[in-house]
Structure formats: C-alpha cells, structure tokens
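J.: Attaching a single structure in structure tokens format; questions to follow.
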Amino acid sequence: MWRTTPGCSGLPCRLSSTTSPSRITSRSVWRCLRPLAAVMIARLMGNDRRSLFLKIYLTLAAFEGLIALAAILLQPTDPKNAWLLGYSRTRLLLAAAVLIGLAILAILSFKAWRDAAWTEKQTQRLINFVQASWLYLGMLLLAGVAVLVGGYGFLFSRVFTDALIQARLERLAPILLWIAFIALQSLLFLPLLRYKESKVTLERTIWFPALIASAVFILLAVLMSATRLGLSPDRTGWDDPGVPLLPLQVLLAVLLSLLLYSLLRWLSGRFGRIDIFIFTALWLGATLLWWNTPLTPTYFSPTPRAPNFEYYPYSDAATQDLIAQNLLIGEGYVLPAEKPLYSLFLVLAHTLVGQDYLAVTNLQVALLALFPAIIYLLGKRLGNPLAGLIAALLVILREHNAIALSGEIGVSHSKLLMTDMPAALAIAAFTLFAIVVLRKQEGWRFYALALGGAVGLMSLLRVQTLLIAAVVGLLLVIQLWSVRRLWWQPILFMTAGYLLAAMPWFVHNGLTGGGFWYQQGFQANYLSQQYSLTPELLDPQARDEGFGAVMVFTQEHPGEVGRFITAHFLHNEVSSLLALPSQFSLAENANSFYNLRPLWEGKEAELWEDCCSLLPYVEGDPFWSAWNGVFPTAAVWSLLLNLALIALGIGLAWKRLGWVGLVPLVIHLAYSFSTAIARVSGWRLILPVDWVLLLYYALGMSCLILIVSAFLSGKRVEWESVEQISNESHWNDSPRAIYVLGAAVFVLALSMPLLGVVIPQKYAPPSKAQVTDTLTAFHIEAQDLQILLDDPALVVLQGRTLWPRLYGPDQGESGKGWPEYTPRSFRRLGFRLAGPQDASVIMPLGQNLAQVPHAEEVIVLGCQQEDFVEARFVILPYQQKLLTNELAMDMACDTQE
C-alpha cells in the first residue's frame, strides 16, 4: 500500500484535485515524490548500498574494457606484419588478453545484476577481506601506483620520439589507460566497501566561496581572451614572469609537508609550543639551503672581474649600497634615498660583517629566511598547519630557484642588495599582524597604532605600501564599526602611528631640499613619461614635468589610463600565477632523458641538468622568452588546475576566518594595482606580493589532501576550529603600552635621518701641498707634476674605492648611469669613489694589472670628463702605492674622451 504524504491531500506522489494551483510549489511536489524515490533507490541498492557499488564497479570496468578492445582493433595496421584479418600476432595477442578480461568482467557484471543473493555474498566476502588494515592499505597503494603507471604510460605513448618504443607504447596505450581507470575506480570503491559510506560532507562554507572565486576567474579569463588585456604587451612593454616552481618540487613540498604534519600531530600531544620548533626549523632550513645555493652572475651582480674577482652590486643594487657607503664615511645622504630603511640595514650589515659582498648577503639571507617561517604562520592561521608547511616549503624552494636561475631569466633574490625580498618579508609580516588585529575587539588602540607604525616603516622601504595601508585601515574601520560603531578613532591611531614612523624622514627631506614628503623625484619624472600616448618615444621634455603632467594626462585621456592600468594589473596576476607549475612535463623529460642518454654516459648529473632541471623548464616554456600572450595547450590544463586549487584555498580561508581570510588577497590586489598605476608589471615589481597566490594554492592543496585522507580512512574531515574573536583585556589596553610603542616606533624612525648626521666625516679634500709631497715621494718629475697641478681641468679627490672592475677593449656592463662600467674602446680600470665628492673614476691601462682593493682609501688626481674622472694618478696611502695612467701622452688634461 502506498504511504500518504502530509501536504498532498492523502494522495501518494500526486496532488489532490482540490488543491489550488497557486499552492503548488516545488517543495510540495518534492514531498510527494520523495517517498517513491526512496523506495526505488532501496530496491535498486538492496539491503546494503555496497552491493550497488560492486555492480557499478564491474559494469564500468567491463564497459571500459570494451572501449580498450575497440581502440586496439581500430589502430592503423601494418600490412608487412599482417597475420590474420590484417592484424599482427602482437595485436591479436593484446586483443585476446583484453577480450578475456572483458568477458570475465561482463559475466561478473551480468551475474551481479541478475542474482541479488550472489551479489550480497560476494560483497560480504570483499568487505571481510578489506577489514584487514594491511591488506586495505596495500590495495590502496597498489591502485595508486597503477593509476600513475597507466596514466603516464599512456602519456609516454604520445610524446616518445624513438620509433620502436613509441610503436610498442601505442599498442599498449589502450590497456594502460584501462588499467588506470580500473585503479581509479578502486580508489573510490575500496573506502566505500570498507566503511559502508563516506563521512565526508560538502562544506557549504568552503564550496560556495570557492565557486564564487572560480566564477570570477572564468569571467576574467573570458575578458582577457576577448580584449587581450594583460596578455598582449602594452606600448611600454612589461617584464617577464618571476621564477617558477617545478612540478616535482611541488610534489616534494607536499610529501615533505605530510611527513612533517604527521610528526607535528604526534609531537603536539607530548610537547607544548610546537609552533616555535616548526618556525625555527623552517627558518634554519631556508637559511642553510639559500646559503648553499651557489650565486651565479646576474644583471644586479655581474661576473666577478680582476683585480679582486669578487661579486659587487650593480645598477639599482649599487645605488642602494652607495647610499650606505656614503653614510658609513660620514657623507650623509648624498643621493636621494628613496628606501632609507634598507639603507639603515646595509649600514648595520657592513658594520657587523665588513665589506665582503657574500658576507653581507649571507647576513641578509639569514634575515630574509624568516619569510617562509612567517608564511607558515599565515597558512596555519588561515587554514591548518599542513597548509602552512606546504606554503613555506614552496617559498623556500622558489627562492632556491631564483638564486639558481640568476643570469638565465630576470630574477631578484635574497643574495642581491635589492629591496624586493625585504619588501616581501615586511608585507608578509604586516599581513599576519593585520589578520591578528582584525580578529580582536580589545586593545584596538594599541594595534591600530602598531599598524600605522608598520605602514610608515614599510613606506620607507617601498612607498607603494601606502595603498595597502589605506585598504587595511578601511577594513579595521569596518570591523570596529560593526562591533562598537567606531570609525574615526582607528583612523586617528593608525595615522598617528604612520606619522611617528614617517615624520622624521619627512622633516629630513624638507631640511635637505627634497620637499616635505618622500623623495620621489625620479618616480615623478618617470611617471610623466609613462603617461603619454607615445611612451615608447621617450620624450625628454615629458620627464621634467612630474606629477602635474600625470594628472593632466589622466583628465584628458581617462579611457587610455584605465586601459593600461587594467592591462598591467591583469599582467601582474598572470605573472603571479605562472610561479606555479605551468606544465607537468614528466613524460617530456623522460623522452629527453632517453634521447640524450647516449651522449652523457657517465655524466648523469650533467644529463639531468640538460634535460630535466630548471633551465630546460624555463627554456621550454614561452613565458620567459618574448611571450606573445598565447597559452600553449599543455599549459592550459595545468593553469586551470592551479586556479581551481587557489579557489579552493580561498574557500578554506573563508571557512576558517570569514572575510578576514581574504586579507592577504586584498593586500595582493592593492599592491598589484599600485604598480599598474605606474604602468609597470611583472617580474620583481610584483615579487613582494606574488607569494599570496602560493599561499592560497597551498591552502587549496591542504584542503584537498584532508578531504581525500578522510575519505580513504572513513573519517570526517578534521577542519581546524573557527578562531573566536578575542574579548579578553590585555596589557596593551593601558596608556603606558601605547606610549612605549609610540616611542619605540619614533626612535627607530629617527635613527634613519640621524645616520646622516651622527657619523663623523672620514675624508677631507686633500691640499695641493699634501698631494705634491706624496707624489714627490714616488719620484714623479716636478715639472710634469706642476703642469698637472696648474691645469684647470684637474680634480683632486679623496675617498673610498667601491667595486673596482677591470675591462678589456669593448667590454663593460649594459645599462645607463654608471659611466665607469660603460663599454669603451680601451683597456681600463673603473671604480666608484665615495667621498666628499662622489665620482665615477676610470684609469686607462696598458698591460699591467692595477691592484685596487674594494673599500680602500685612495687619493685620485685626474681630469674631469663629461661624466667621469679620467685618473692620472691613484694613490693608496695605506699600501704606500701609486698607480699611473699608462696611456696618457702627457700630464695636461684633454677633456675630449
């Protein structure tokens, strides 16, 4: 008898004739149909749904076998090897093997659907079999290996170029793929067989935000495909993506993280404060790995040259070090210091470890190794410890890649005197602190002041971080408004903290003629050039118009400004995404390894480097070699997988912390927008925040791992509990804590301008009498000396030599602004002189080698040329040594180069 359903007028699965049509809803219809559906499913499944799973498993396996058999028979035949019906013996043997397997599966499937009692009996046998844990785990492992072997065997058949191997793999490909599908079904079937049902549930708080993120990604992909924004280069051009991770490195990071995560769970029940141990281990591991990754020449640290054969900074890196060197000798801020916080660090580093470049960079590496440790804390807070470990290891391996790829692609890393990695460390620490603050209700005055102070200090490292401050300040206002209806007080305290950190530098700039603000003269001129309809023409007049020209152009051409800002913003996102593997190239690498093996007998290490390491990876992808914006087909699937994991990571962060879980993403987007405003993007410009996508990728990876692990073990997913907002009163509520914090920020900020004042001047311009006595002691002819001293073009300089490099004819460094290293037609020694008069010094040489140490006191007598000093004599007082210009025809200065 049919059971009646309430709300259906006593009728099973149909509405009463007296029911008003206006009262018919989908819910009432479902209430009618649900009992019937339940009965049908129960009859189909029998007493245990595992019997149904067995039926489906056997049917699918048989159907897949039928497809494999058809694929074998439909492959092109070779008439030379035909034996029966046009097929070779090998083909017929393979087909027979598949046919036998197919027949067995088909019979079992037919029996399972026809005989319920037999199916129940066989199901129970299988259930009893998989109850043994070692058998269950062994079958899971075997199925996993079969998936990999079958899947990659099929891929090998598509890429191998050796004719014999390819022919054999093509014959086996249908069978390999069949095995892979059966193994994959087994991975799904075995847990359901052992545990009857899965306890893994779809968490709406994860999947819904993940679906929204996926929809946004799809819309952006459609927009970029239609408009080419972010793909086709802007008229100013843009930089290549940063350093990528290899697929094997991602796999290594995941496996190592799983091992550490298991150890962490075991230790957490026995020891307290385990996070301190993990933090320290990550910092130490990063330090040791980065220290031991050999530095190779790059644009910012060129090839070591005579006379000292040491690494020295160049270009932007040299500018940063030059500011610090002038501070060390008491000359103050000779050059406009746009990043005084980094100048302070370099002064301290040189004071602690001296002038050796590698010693300074090793100290910097030890500091920057805190970066992955902070990423671990971020991942743990946003998701779980596993996510933090994966993210931290990915960051460690990526920085290793950056050091290893120096000179091969555009890189900026921890062994260069650049602010990109320090900015990444600062922004990561700020992001972690902002998340902590936004989860609190008490002590907000202290935290708002600290946030403002952090922003002020970061702006003295990278002024673009001001946009991050605005975004985080807005989030803090929203958070406190929802709790206490406060809006102006957090702004007041953040502004106070910012001014305490930035005001000393503003006053310094005002007193030294740089304007009461950041020293951004170069950026202003650069932006005025960028904001043009023809920026590639490099109009010199536009470079002198500053920010005013930018505002005028924006008002006159808002559409063009919106276009190129959007393009560079999207290109930043593409560049950040390409840090993740863009291809899974194991099959291609195996083919290369096999083809190159005969050429590298006994040189396996060189073979690996030639076929399967970082360099072939970046050379094989178009993204690092004048990319035209078109994604290779092989890369599309990898990028889709990466985006799916990032979306899943966003969902996990939302589940854990709500909207606060999106703070890293918001900071990333704000910084990306700040670089796009300057019409630049990619490479080191987005490096300070491109780790955010790695973080969400790791969150998504950990989410997927936890779901799969729970499914295979028949348990519920152990999500980290949602962190509650703290309502406790702490010591930082007191005015004293606020005053102490403010004083500490102000003292640190004040130390930067004070560096230019408190260090006494080390060198003074030498008198002519002193120079005459010194040169006379070296037996210089008095008549020649007098001719030189009377020459109006003569300059006499005293100071510290920096970065001496010896070049042969037509050798030198690329780039502008460093005339001492510009290629010239003669052999010469070039160095920078830091002192009362900063100068680029060039000494033409014959065949002798001029031994000039780095960071040594010298006196230079030379002739002022257009943009450098041509040295006639270089005196090294400490060594009692004189270097002479061997190519000078006479002592008189010739101002023509």
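Ordered as shown in the structure tokens, chains take letters A, B, and onward, while each chain numbers its residues from 1 and ligands are numbered from 1 in the order shown.
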Residues within 9 Å of Pro313 in chain A, please, as an NGL selection string. Count only C-alpha atoms; anything in the same chain fewer than 6 positions from it doesn't count.

T.: :A and (299-302 or 319-321 or 357 or 416-417 or 803)

J.: Might you pull out every residue within 9 Å of His557 in chain A, with only C-alpha atoms counted and same-chain residues fewer than 5 positions away left off, and present them as number ranges by chain?

T.: A: 533, 552, 562

J.: Give the answer as one residue: which of A:Ala180, A:Ala743, A:Met503, A:Ile104 has the shortest atom-to-atom distance to Ala143 in chain A, using only C-alpha atoms?

T.: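 Smallest distance to Ala143 in chain A is found for A:Ala180.
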
J.: Which residue, A:Leu172, A:Ile759, A:Ile859, A:Ala635, has the smallest gap to Thr774 in chain A when you use only C-alpha atoms?

T.: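 Going through A:Leu172, A:Ile759, A:Ile859, A:Ala635 one by one, the smallest distance to Thr774 in chain A is for A:Ile859.
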
J.: Rounded to one decimal in Å, what is the spacing between CA of Ala286 in chain A and CA of Trp683 in chain A?

T.: 21.9 Å

J.: Measure the distance from CA of Val630 in chain A to CA of Leu229 in chain A in Å and round it to one decimal.

T.: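 The value is 12.0 Å.
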
J.: Can you measure CA of Ala549 in chain A to CA of Phe569 in chain A for me? One decimal in Å is fine.

T.: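 If I compute the distance from CA of Ala549 in chain A to CA of Phe569 in chain A, I get 21.9 Å.
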